[in-house]
Amino acid sequence: MIHPIPSGTRDVLPDELREVRAITEAMRAVFDAHGYGEVATPALEYEAVLTRGDSAAADPAYRLFDEHGNVLVLRSDMTIPIARVVAARYPSEPVPLRFCYVQHAYRAIRRHRGQAREILQAGIELVGAPGPEGTAEAITVLCAALDAAGLGSYRIGVGDAALFALALEAAGVSEPTRYLEALDAHDFVTLERDLPAELARLATTRGGPEVLDGVAEAEGLRALHARLPAGVAARVIYDLGLVRTLGYYTGAVFEVYDAAFGAPLGGGGRYDDLLGRFGRELPACGWALDVEKVHAARLQEQA
């Protein structure tokens with residue numbers, strides 16, 4: 001088996017390479033124990049495939065043409081390629097289908113930010129398992145993978161991609177897109193200035209399961225919490241203003257944080273409409289971790 005290694009825009013030294021490989025192998029053992037089979041897709045995808053999946057994912061940084069003039073792109077994530085695989089290779093296979101991967105993705109960078117163009121991701125896709133049961137399984141496997149990677153102070157921020165939009169609709173707010181964009185940009189000044197106080201507070205509400213009480217739009221999160229094992233639930237922080245940039249998310253979404261590291265280590269969520277765009281309508285949930293960030297967080301915890 002070929003073991004992907006990090007590269008990005010910097011050199012990787014032997015000691016670091018051994019440590020990163022140990023993390024990926026520990027995660028692979030978790031995936032295998034939970035019944036997830038490893039899948040690999042080409043680094044190059046047809047641009048039309050990504051466009052079908054999500055317009056945001058279809059604006060990658062790196063394009064080229066094949067010998068027939070078709071536009072090819074370097075994949076920016078694994079979710080859409082795996083959705084294509086399910087529709088093409090598993091058109092009638094019984095569900096749920098469980099896939100895992102350790103693969104590279106390629107992202108545009110902002111100059112002078114020390115970002116990597118090439119990201120080593122480890123993740124899963126759980127296809128055909130509806131929420132909240134499927135979401136609970138995905139988060140449980142996520143915690144097991146982080147434990148196996150040697151992290152001790154991580155937390156999982158959990159929200160709902162539709163929650164704030166539903167709250168705006170229930171309140172009769174006009175031009176909701178404007179406020180959803182402000183939330184995505186963390187422009188809380190605009191929300192506090194232009195929205196009723198209870199809606200503005202909703203966007204910044206986070207904490208334990210008690211923050212879900214009395215929030216009609218949080219019914220799905222309450223059902224999810226009831227299905228989480230106690231040890232997993234202790235890692236969860238509910239964030240009612242959490243959103244993800246990709247438009248295919250439809251329900252619960254989550255991000256991984258570690259007190260020793262200043263940026264999210266990864267995330268994911270439900271994408272119950274995406275598979276239907278490729279010909280097989282199935283609910284699904286998945287997540288991906290940036291392995292190098294996980295490694296850096298572990299080093300910081302040990303410092």
# chains A, B, ... in the order shown; residues from 1 in each chain; ligands from 1
$ residues_around --residues "Asp32 in chain A" --least-positions-apart "4" --cutoff "12 Å" --atoms "only C-alpha atoms" --output "PDB file with C-alpha atoms, in the first residue's frame"
ATOM      1  CA  GLU A  25      -1.886   4.460  10.529  1.00  0.00           C
ATOM      2  CA  ALA A  26      -3.574   4.919  13.917  1.00  0.00           C
ATOM      3  CA  MET A  27      -6.537   6.539  12.171  1.00  0.00           C
ATOM      4  CA  ARG A  28      -6.672   3.756   9.592  1.00  0.00           C
ATOM      5  CA  TYR A  36     -14.930   1.661   6.937  1.00  0.00           C
ATOM      6  CA  GLY A  37     -13.228   0.515   3.734  1.00  0.00           C
ATOM      7  CA  GLU A  38     -10.456   2.631   2.257  1.00  0.00           C
ATOM      8  CA  ARG A  98     -18.803   3.192   4.783  1.00  0.00           C
ATOM      9  CA  PHE A  99     -15.742   4.696   3.116  1.00  0.00           C
ATOM     10  CA  CYS A 100     -12.518   6.129   4.530  1.00  0.00           C
ATOM     11  CA  TYR A 101      -9.491   7.741   2.927  1.00  0.00           C
ATOM     12  CA  ILE A 124     -14.786   9.166   6.333  1.00  0.00           C
ATOM     13  CA  VAL A 141     -15.668   7.706  14.795  1.00  0.00           C
ATOM     14  CA  ALA A 144     -12.024   7.742  18.191  1.00  0.00           C
ATOM     15  CA  ALA A 145      -9.684   8.915  15.393  1.00  0.00           C
TER      16      ALA A 145
END
$ select_by_dssp --residues "range 46-293 of chain A" --states "helix (DSSP H, G or I)" --output "PyMOL selection string"
chain A and resi 47-53+79-89+133-148+163-170+176-184+188-194+197-203+209-212+216-227+230-233+275-278+291-293
$ residues_around --residues "range 200-213 of chain A" --least-positions-apart "5" --cutoff "12 Å" --atoms "only C-alpha atoms" --output "ChimeraX atom specification"
/A:155-161,163-168,171,179-180,182-195,218-226,228,233-243
$ closest_atom_pairs --of "range 111-226 of chain A" --to "range 62-83 of chain A" --cutoff "10 Å" --atoms "only C-alpha atoms" --output "CSV"
residue,atom,partner,partner_atom,distance
A:Arg117,CA,A:Ser76,CA,9.8
A:Glu118,CA,A:Ser76,CA,9.2
A:Ile119,CA,A:Ser76,CA,9.1
A:Gln121,CA,A:Asp77,CA,8.6
A:Ala122,CA,A:Met78,CA,9.7
A:Gly123,CA,A:Met78,CA,8.6
A:Ile124,CA,A:Thr79,CA,8.9
A:Glu125,CA,A:Thr79,CA,7.2
A:Val127,CA,A:Ala83,CA,8.7
$ closest_atom_pairs --of "range 126-169 of chain A" --to "range 284-294 of chain A" --cutoff "9 Å" --atoms "only C-alpha atoms" --output "tab-separated table"
residue	atom	partner	partner_atom	distance
A:Leu126	CA	A:Cys285	CA	5.3
A:Val127	CA	A:Ala284	CA	4.3
A:Gly128	CA	A:Ala284	CA	5.6
A:Ala129	CA	A:Ala284	CA	6.2
A:Pro130	CA	A:Ala284	CA	6.7
A:Gly131	CA	A:Cys285	CA	8.3
A:Gly134	CA	A:Cys285	CA	6.9
A:Thr135	CA	A:Cys285	CA	6.3
A:Ala138	CA	A:Gly286	CA	6.5
A:Ile139	CA	A:Trp287	CA	8.6
A:Leu142	CA	A:Trp287	CA	7.8
A:Leu146	CA	A:Val294	CA	8.1
A:Ala149	CA	A:Val294	CA	7.6
A:Gly150	CA	A:Val294	CA	9.0
A:Leu151	CA	A:Val294	CA	7.9
$ closest_residue --among "A:Ala136, A:Leu275, A:Ala230, A:Cys143" --to "Val253 in chain A" --atoms "only C-alpha atoms"
A:Ala136
$ select_by_dssp --residues "range 58-264 of chain A" --states "strand (DSSP E)" --output "NGL selection string"
:A and (63-65 or 71-74 or 97-106 or 118-127 or 154-160 or 206-207 or 236-239 or 252-258 or 261-264)
$ write_last_selection --atoms "N, CA and C atoms" --output "short mmCIF file (atom, residue, chain, number, x, y, z; two decimals), in the first residue's frame"
data_model
loop_
_atom_site.label_atom_id
_atom_site.label_comp_id
_atom_site.auth_asym_id
_atom_site.auth_seq_id
_atom_site.Cartn_x
_atom_site.Cartn_y
_atom_site.Cartn_z
N ARG A 63 -6.26 24.37 -12.66
CA ARG A 63 -6.94 23.80 -13.81
C ARG A 63 -5.94 23.42 -14.89
N LEU A 64 -6.32 22.43 -15.69
CA LEU A 64 -5.56 22.09 -16.88
C LEU A 64 -6.50 21.39 -17.85
N PHE A 65 -6.00 21.10 -19.05
CA PHE A 65 -6.82 20.49 -20.09
C PHE A 65 -6.26 19.12 -20.44
N VAL A 71 -11.80 20.22 -19.41
CA VAL A 71 -11.18 20.91 -18.28
C VAL A 71 -11.06 19.94 -17.11
N LEU A 72 -9.83 19.79 -16.62
CA LEU A 72 -9.56 18.97 -15.44
C LEU A 72 -9.13 19.88 -14.30
N VAL A 73 -9.44 19.47 -13.08
CA VAL A 73 -9.05 20.26 -11.92
C VAL A 73 -8.48 19.33 -10.86
N LEU A 74 -7.60 19.87 -10.03
CA LEU A 74 -7.15 19.14 -8.85
C LEU A 74 -8.23 19.22 -7.79
N LEU A 97 -23.21 2.48 3.28
CA LEU A 97 -21.87 2.27 2.74
C LEU A 97 -20.90 3.11 3.57
N ARG A 98 -19.78 2.51 3.93
CA ARG A 98 -18.80 3.19 4.78
C ARG A 98 -17.46 3.26 4.06
N PHE A 99 -17.01 4.48 3.81
CA PHE A 99 -15.74 4.70 3.12
C PHE A 99 -14.81 5.54 4.00
N CYS A 100 -13.52 5.28 3.88
CA CYS A 100 -12.52 6.13 4.53
C CYS A 100 -11.42 6.42 3.53
N TYR A 101 -10.57 7.37 3.84
CA TYR A 101 -9.49 7.74 2.93
C TYR A 101 -8.38 8.47 3.68
N VAL A 102 -7.20 8.41 3.13
CA VAL A 102 -6.06 9.26 3.50
C VAL A 102 -5.49 9.73 2.17
N GLN A 103 -5.85 10.94 1.78
CA GLN A 103 -5.55 11.44 0.44
C GLN A 103 -5.22 12.93 0.50
N HIS A 104 -4.62 13.41 -0.57
CA HIS A 104 -4.31 14.83 -0.67
C HIS A 104 -5.45 15.60 -1.33
N ALA A 105 -5.66 16.81 -0.86
CA ALA A 105 -6.55 17.77 -1.51
C ALA A 105 -5.75 19.03 -1.78
N TYR A 106 -6.27 19.86 -2.68
CA TYR A 106 -5.50 21.01 -3.16
C TYR A 106 -6.35 22.26 -3.07
N GLU A 118 -1.22 21.99 -0.74
CA GLU A 118 -1.53 20.57 -0.75
C GLU A 118 -1.75 20.12 0.69
N ILE A 119 -2.91 19.50 0.94
CA ILE A 119 -3.32 19.14 2.30
C ILE A 119 -3.52 17.63 2.37
N LEU A 120 -2.89 17.00 3.34
CA LEU A 120 -3.12 15.59 3.57
C LEU A 120 -4.33 15.44 4.47
N GLN A 121 -5.39 14.83 3.94
CA GLN A 121 -6.63 14.67 4.68
C GLN A 121 -6.88 13.21 5.04
N ALA A 122 -7.40 13.00 6.23
CA ALA A 122 -7.92 11.70 6.63
C ALA A 122 -9.37 11.90 6.99
N GLY A 123 -10.24 11.02 6.48
CA GLY A 123 -11.66 11.23 6.75
C GLY A 123 -12.51 10.04 6.41
N ILE A 124 -13.82 10.21 6.63
CA ILE A 124 -14.79 9.17 6.33
C ILE A 124 -15.98 9.77 5.62
N GLU A 125 -16.71 8.90 4.92
CA GLU A 125 -18.01 9.24 4.35
C GLU A 125 -18.95 8.08 4.69
N LEU A 126 -20.03 8.39 5.39
CA LEU A 126 -21.05 7.41 5.77
C LEU A 126 -22.27 7.66 4.90
N VAL A 127 -22.52 6.77 3.94
CA VAL A 127 -23.54 6.98 2.92
C VAL A 127 -24.72 6.05 3.17
N TYR A 154 -9.01 18.17 22.60
CA TYR A 154 -9.86 18.59 21.49
C TYR A 154 -11.33 18.69 21.91
N ARG A 155 -12.07 19.49 21.15
CA ARG A 155 -13.51 19.59 21.28
C ARG A 155 -14.13 19.60 19.88
N ILE A 156 -15.37 19.15 19.79
CA ILE A 156 -16.10 19.14 18.52
C ILE A 156 -17.21 20.19 18.60
N GLY A 157 -17.09 21.23 17.81
CA GLY A 157 -18.18 22.21 17.70
C GLY A 157 -19.24 21.68 16.75
N VAL A 158 -20.48 21.62 17.21
CA VAL A 158 -21.57 21.05 16.42
C VAL A 158 -22.68 22.09 16.27
N GLY A 159 -23.12 22.28 15.04
CA GLY A 159 -24.24 23.17 14.75
C GLY A 159 -25.14 22.55 13.71
N ASP A 160 -25.96 23.37 13.09
CA ASP A 160 -26.87 22.91 12.05
C ASP A 160 -26.87 23.93 10.93
N ARG A 206 -23.29 29.34 22.24
CA ARG A 206 -22.58 28.06 22.24
C ARG A 206 -22.43 27.57 23.66
N GLY A 207 -22.37 26.26 23.81
CA GLY A 207 -22.24 25.67 25.13
C GLY A 207 -22.68 24.22 25.12
N VAL A 236 -18.41 17.51 22.97
CA VAL A 236 -19.19 18.33 22.05
C VAL A 236 -19.54 19.68 22.67
N ILE A 237 -19.36 20.72 21.88
CA ILE A 237 -19.85 22.06 22.20
C ILE A 237 -20.85 22.44 21.12
N TYR A 238 -22.08 22.75 21.51
CA TYR A 238 -23.08 23.13 20.53
C TYR A 238 -22.94 24.62 20.19
N ASP A 239 -22.82 24.89 18.90
CA ASP A 239 -22.61 26.25 18.39
C ASP A 239 -23.74 26.55 17.42
N ALA A 252 -26.75 18.79 10.34
CA ALA A 252 -25.70 18.95 11.34
C ALA A 252 -24.34 19.17 10.67
N VAL A 253 -23.60 20.14 11.20
CA VAL A 253 -22.24 20.42 10.73
C VAL A 253 -21.34 20.49 11.95
N PHE A 254 -20.05 20.23 11.75
CA PHE A 254 -19.15 20.26 12.89
C PHE A 254 -17.75 20.64 12.49
N GLU A 255 -17.02 21.19 13.48
CA GLU A 255 -15.62 21.54 13.33
C GLU A 255 -14.85 21.02 14.54
N VAL A 256 -13.57 20.75 14.32
CA VAL A 256 -12.71 20.20 15.37
C VAL A 256 -11.75 21.29 15.84
N TYR A 257 -11.71 21.50 17.15
CA TYR A 257 -10.82 22.48 17.75
C TYR A 257 -9.93 21.80 18.78
N ASP A 258 -8.76 22.40 19.00
CA ASP A 258 -7.88 21.93 20.06
C ASP A 258 -7.32 23.17 20.77
N PHE A 261 -4.00 24.58 19.61
CA PHE A 261 -3.80 24.97 18.21
C PHE A 261 -4.82 26.05 17.87
N GLY A 262 -4.39 27.05 17.13
CA GLY A 262 -5.22 28.22 16.94
C GLY A 262 -6.17 28.20 15.77
N ALA A 263 -6.32 27.08 15.08
CA ALA A 263 -7.21 27.01 13.92
C ALA A 263 -7.93 25.67 13.93
N PRO A 264 -9.09 25.57 13.30
CA PRO A 264 -9.78 24.28 13.24
C PRO A 264 -8.90 23.21 12.60
#
$ closest_residue --among "A:Arg244, A:Thr250, A:Ser174, A:Glu93" --to "Gly268 in chain A" --atoms "only C-alpha atoms"
A:Arg244
$ atom_distance --atom1 "CA of Ala43 in chain A" --atom2 "CA of Val85 in chain A"
13.5 Å
